[in-house]
>>> print(open('run-v1.txt').read())   # compact mmCIF, C-alpha atoms
# COMPACT_ATOMS: atom_id res chain seq x y z
CA MET C 414 185.70 245.11 188.43
CA SER C 415 186.11 248.03 190.85
CA GLY C 416 184.17 248.38 194.08
CA SER C 417 182.09 251.20 192.62
CA ASP C 418 181.19 249.05 189.58
CA THR C 419 180.18 246.20 191.87
CA GLU C 420 177.99 248.50 193.95
CA ARG C 421 176.46 249.93 190.80
CA ARG C 422 175.62 246.46 189.51
CA ASN C 423 174.21 245.39 192.88
CA ASP C 424 172.01 248.48 193.03
CA TRP C 425 170.61 247.73 189.61
CA ALA C 426 170.15 244.04 190.45
CA GLU C 427 167.92 245.04 193.36
CA LYS C 428 165.87 247.26 191.06
CA PHE C 429 165.51 244.45 188.55
CA LEU C 430 164.19 242.03 191.18
CA ALA C 431 161.22 244.33 191.79
CA TYR C 432 159.99 243.41 188.29
CA ARG C 433 160.50 239.65 188.59
CA GLY C 434 156.80 238.90 189.01
CA GLN C 435 155.81 240.76 185.84
CA LEU C 436 158.67 239.20 183.89
CA LEU C 437 157.70 235.73 185.03
CA SER C 438 154.10 236.24 183.90
CA LEU C 439 155.37 237.48 180.55
CA ALA C 440 157.72 234.49 180.16
CA ARG C 441 154.91 232.04 180.98
CA ARG C 442 152.72 233.62 178.35
CA ASP C 443 155.30 234.05 175.57
CA LEU C 444 157.31 230.85 175.93
CA ASN C 445 156.67 228.50 173.02
CA PRO C 446 154.92 225.37 174.40
CA VAL C 447 157.45 223.22 172.56
CA LEU C 448 160.37 225.08 174.12
CA SER C 449 158.78 224.95 177.58
CA ARG C 450 159.48 221.21 177.64
CA ARG C 451 163.18 222.07 177.77
CA VAL C 452 163.34 225.49 179.41
CA THR C 453 161.12 226.79 182.21
CA PRO C 454 159.83 230.37 182.51
CA GLU C 455 161.95 230.66 185.65
CA ASP C 456 165.05 229.77 183.61
CA ILE C 457 164.18 232.45 181.06
CA VAL C 458 163.69 235.13 183.72
CA GLN C 459 166.93 234.17 185.46
CA ASP C 460 168.86 234.38 182.18
CA ALA C 461 167.20 237.71 181.34
CA LEU C 462 168.05 239.22 184.73
CA SER C 463 171.62 237.99 184.40
CA ALA C 464 171.85 239.59 180.96
CA ALA C 465 170.38 242.81 182.33
CA CYS C 466 173.06 242.95 185.04
CA SER C 467 175.74 242.79 182.35
CA ARG C 468 174.13 245.64 180.40
CA ILE C 469 173.90 248.39 183.00
CA ASP C 470 174.79 251.05 180.42
CA PHE C 471 171.66 250.05 178.50
CA PHE C 472 169.59 251.02 181.53
CA GLU C 473 171.49 254.18 182.40
CA ASN C 474 171.26 255.52 178.85
CA ARG C 475 167.87 256.86 177.80
CA PRO C 476 166.49 257.30 181.35
CA ASP C 477 163.20 258.40 179.76
CA VAL C 478 162.49 254.78 178.77
CA PRO C 479 160.94 252.82 181.69
CA VAL C 480 163.13 250.15 183.30
CA TYR C 481 160.37 247.59 182.88
CA PHE C 482 160.20 248.16 179.14
CA LYS C 483 163.97 247.65 178.82
CA LEU C 484 163.78 244.48 180.93
CA ARG C 485 160.87 243.32 178.79
CA THR C 486 163.03 243.80 175.68
CA ILE C 487 165.85 241.71 177.17
CA LEU C 488 163.38 239.01 178.23
CA LEU C 489 161.95 238.71 174.72
CA GLN C 490 165.50 238.59 173.32
CA THR C 491 166.29 235.81 175.79
CA ILE C 492 163.26 233.82 174.63
CA ALA C 493 164.26 234.33 170.97
CA THR C 494 167.81 233.14 171.73
CA ALA C 495 166.48 230.04 173.51
CA GLU C 496 164.20 229.28 170.56
CA ARG C 497 167.12 229.52 168.14
CA LYS C 498 169.22 227.28 170.33
CA HIS C 499 166.64 224.58 171.02
CA LEU C 500 164.12 224.71 168.18
CA GLN C 501 166.43 225.34 165.25
CA SER C 502 169.09 222.88 166.32
CA ARG C 503 169.50 219.77 164.17
CA LYS C 504 170.98 217.75 167.03
CA ARG C 505 167.57 216.83 168.38
CA ASP C 506 164.16 217.79 167.12
CA ALA C 507 162.39 219.41 170.06
CA TYR C 508 159.09 219.37 168.17
CA LYS C 509 159.03 215.57 168.39
CA GLU C 510 158.92 215.91 172.16
CA LEU C 511 155.60 217.78 172.09
CA GLU C 512 152.47 215.90 173.02
CA VAL C 513 150.16 217.18 170.31
CA ALA C 514 146.85 218.48 171.63
CA ASP C 515 143.57 218.25 169.77
CA GLY C 516 143.99 220.00 166.45
CA GLY C 517 147.78 220.02 166.80
CA ASP C 518 147.89 223.82 167.13
CA THR C 519 151.31 224.88 168.41
CA GLU C 520 150.90 228.62 167.86
CA SER C 521 152.86 230.46 170.51
CA PRO C 522 150.91 232.42 173.13
CA ALA C 523 152.77 235.54 172.02
CA ARG C 524 151.64 235.12 168.41
CA ALA C 525 148.10 234.41 169.63
CA GLY C 526 148.22 237.67 171.58
CA TRP C 527 149.17 239.62 168.46
CA ASN C 528 146.32 237.99 166.56
CA ARG C 529 143.73 238.68 169.27
CA PHE C 530 144.77 242.31 169.30
CA ALA C 531 144.63 242.42 165.51
CA ASP C 532 141.06 241.10 165.66
CA THR C 533 140.07 244.14 167.70
CA MET C 534 141.83 246.58 165.39
CA THR C 535 141.08 245.35 161.87
CA GLY C 536 137.99 244.77 159.78
CA PRO C 537 136.41 241.51 158.59
CA VAL C 538 138.24 241.49 155.25
CA THR C 539 141.64 241.65 156.93
CA ARG C 540 140.51 239.14 159.54
CA ALA C 541 140.26 236.51 156.80
CA ALA C 542 144.05 236.63 156.30
CA ARG C 543 145.67 235.88 159.66
CA SER C 544 149.31 236.19 158.67
CA ASP C 545 148.67 239.39 156.71
CA ARG C 546 146.86 240.84 159.70
CA TYR C 547 149.72 239.91 162.01
CA ALA C 548 152.29 241.57 159.75
CA LEU C 549 150.09 244.63 159.33
CA LEU C 550 149.66 245.19 163.05
CA LYS C 551 153.35 244.64 163.74
CA GLU C 552 154.35 247.14 161.07
CA ALA C 553 151.88 249.71 162.38
CA LEU C 554 153.07 249.28 165.96
CA GLU C 555 156.73 249.59 165.01
CA SER C 556 155.98 252.88 163.29
CA LEU C 557 154.71 254.41 166.54
CA SER C 558 156.81 256.27 169.08
CA GLU C 559 158.41 254.25 171.87
CA ASN C 560 155.99 255.70 174.45
CA ASP C 561 152.95 254.74 172.37
CA ARG C 562 154.25 251.26 171.62
CA CYS C 563 155.17 250.73 175.26
CA ILE C 564 151.72 251.47 176.69
CA LEU C 565 149.94 249.43 173.99
CA GLU C 566 152.15 246.38 174.44
CA MET C 567 151.89 246.53 178.21
CA ARG C 568 148.10 246.74 178.08
CA HIS C 569 147.40 244.25 175.29
CA PHE C 570 150.33 241.81 175.27
CA ASP C 571 151.50 241.83 178.88
CA GLY C 572 147.94 241.85 180.23
CA LEU C 573 148.62 244.74 182.62
CA GLY C 574 145.86 247.00 183.89
CA ASN C 575 145.94 250.77 183.80
CA ALA C 576 147.09 251.07 187.44
CA GLU C 577 149.92 248.59 186.88
CA CYS C 578 151.05 250.43 183.74
CA ALA C 579 150.99 253.73 185.63
CA GLN C 580 153.13 252.28 188.41
CA LEU C 581 155.68 250.79 186.00
CA LEU C 582 155.85 253.98 183.96
CA GLY C 583 156.13 256.19 187.03
CA ILE C 584 153.09 258.29 186.13
CA GLU C 585 149.60 258.89 187.53
CA PRO C 586 146.82 256.45 186.52
CA LYS C 587 144.91 259.25 184.79
CA ALA C 588 148.00 260.12 182.73
CA ALA C 589 148.47 256.44 181.83
CA SER C 590 144.86 256.24 180.70
CA ILE C 591 145.21 259.35 178.53
CA ARG C 592 148.46 258.02 177.04
CA TYR C 593 146.80 254.70 176.23
CA VAL C 594 143.77 256.27 174.51
CA ARG C 595 146.00 258.55 172.44
CA ALA C 596 148.32 255.68 171.48
CA LEU C 597 145.32 253.58 170.44
CA GLN C 598 144.06 256.41 168.25
CA ARG C 599 147.46 256.82 166.59
CA LEU C 600 147.58 253.08 165.93
CA ARG C 601 144.14 253.20 164.32
CA GLU C 602 145.31 256.06 162.11
CA LYS C 603 148.36 254.05 161.05
CA LEU C 604 146.22 251.02 160.27
CA ALA C 605 143.91 253.19 158.20
CA GLU C 606 146.90 254.11 156.04
CA TYR C 607 147.74 250.46 155.36
CA THR C 608 144.38 248.71 155.08
CA GLU C 609 140.64 248.92 154.59
CA PHE C 610 140.25 249.48 158.35
CA GLU C 611 138.27 252.59 159.21
CA PRO C 612 138.50 254.09 162.71
>>> encode(input="run-v1.txt", output="structure tokens")
Amino acid sequence: MSGSDTERRNDWAEKFLAYRGQLLSLARRDLNPVLSRRVTPEDIVQDALSAACSRIDFFENRPDVPVYFKLRTILLQTIATAERKHLQSRKRDAYKELEVADGGDTESPARAGWNRFADTMTGPVTRAARSDRYALLKEALESLSENDRCILEMRHFDGLGNAECAQLLGIEPKAASIRYVRALQRLREKLAEYTEFEP
């Protein structure tokens, strides 16, 4: 690796560290409780930041996409990879290591977040079918533009406030608020196409 490449990577590494706190909160929330007995949120963030440093082109391409959103994508990919490695391995059943809580509910916090958001967006008929609601919301979100999806996920899944979103997106709080309201309206319109939901 040339000196210029090393400097380039170091510059980006410093930028990435500024988002460590947000990434750690996200990892703590999204990490499957079964997996967390083997891998800590700190491990996930470290692996994600390491992966980010090896994918500098990913960050330099599409400069219109916020750095945080790209890091968030890598973090979620890192969690998915860890789940495949530890939870789908036949060498040792990680689920047997879980101390089952009352009710034995092992739904991941990430899935619970999707379902809570779906509860606010869909009507009582759809609410009766949890998995259908989850799939419906995911399909509707994926049909939105990247900007719309970004602000909605940051607000509802990452638990960030309007001011935090504005800072991460590099825009004014008022602009972030307007973007959020418009994205929410577009999502409602998409849901109205797929379900009995009425805005």
>>> closest_residue(input="run-v1.txt", among="C:Asn575, C:Thr486, C:Ser556, C:Ser467", to="Leu604 in chain C", atoms="only C-alpha atoms")
C:Ser556
>>> closest_residue(input="run-v1.txt", among="C:Asp470, C:Glu555, C:Glu606, C:Asp477", to="Asp418 in chain C", atoms="only C-alpha atoms")
C:Asp470
>>> closest_residue(input="run-v1.txt", among="C:Leu462, C:Ile457, C:Leu500, C:Ala426", to="Arg441 in chain C", atoms="all atoms listed in the file")
C:Ile457
>>> residues_around(input="run-v1.txt", residues="Ser590 in chain C", least_positions_apart="2", cutoff="10 Å", atoms="all atoms listed in the file", output="PyMOL selection string")
chain C and resi 564+574-576+578-579+585-588+592-596
>>> residues_around(input="run-v1.txt", residues="Gln490 in chain C", least_positions_apart="4", cutoff="12 Å", atoms="all atoms listed in the file", output="PyMOL selection string")
chain C and resi 440+443-444+457-458+460-462+464-465+483-486+494-497
>>> atom_distance(input="run-v1.txt", atom1="CA of Met567 in chain C", atom2="CA of Tyr547 in chain C")
17.6 Å
>>> closest_residue(input="run-v1.txt", among="C:His499, C:Leu489, C:Arg468, C:Pro479", to="Arg450 in chain C", atoms="all atoms listed in the file")
C:His499
>>> closest_residue(input="run-v1.txt", among="C:Lys603, C:Arg451, C:Arg442, C:Arg475", to="Gly572 in chain C", atoms="all atoms listed in the file")
C:Arg442
>>> atom_distance(input="run-v1.txt", atom1="CA of Asn474 in chain C", atom2="CA of Glu566 in chain C")
21.6 Å
>>> residues_around(input="run-v1.txt", residues="Leu581 in chain C", least_positions_apart="4", cutoff="8 Å", atoms="only C-alpha atoms", output="PyMOL selection string")
chain C and resi 479-481+577
>>> axis_aligned_box(input="run-v1.txt", around="range 578-589 of chain C", padding_each_side="8 Å", output="AutoDock Vina command-line options")
--center_x 150.5 --center_y 255.3 --center_z 185.1 --size_x 27.2 --size_y 25.7 --size_z 22.6
>>> atom_distance(input="run-v1.txt", atom1="CA of Asn423 in chain C", atom2="CA of Leu573 in chain C")
27.6 Å
>>> residues_around(input="run-v1.txt", residues="Arg599 in chain C", least_positions_apart="6", cutoff="10 Å", atoms="all atoms listed in the file", output="count of residues only")
8
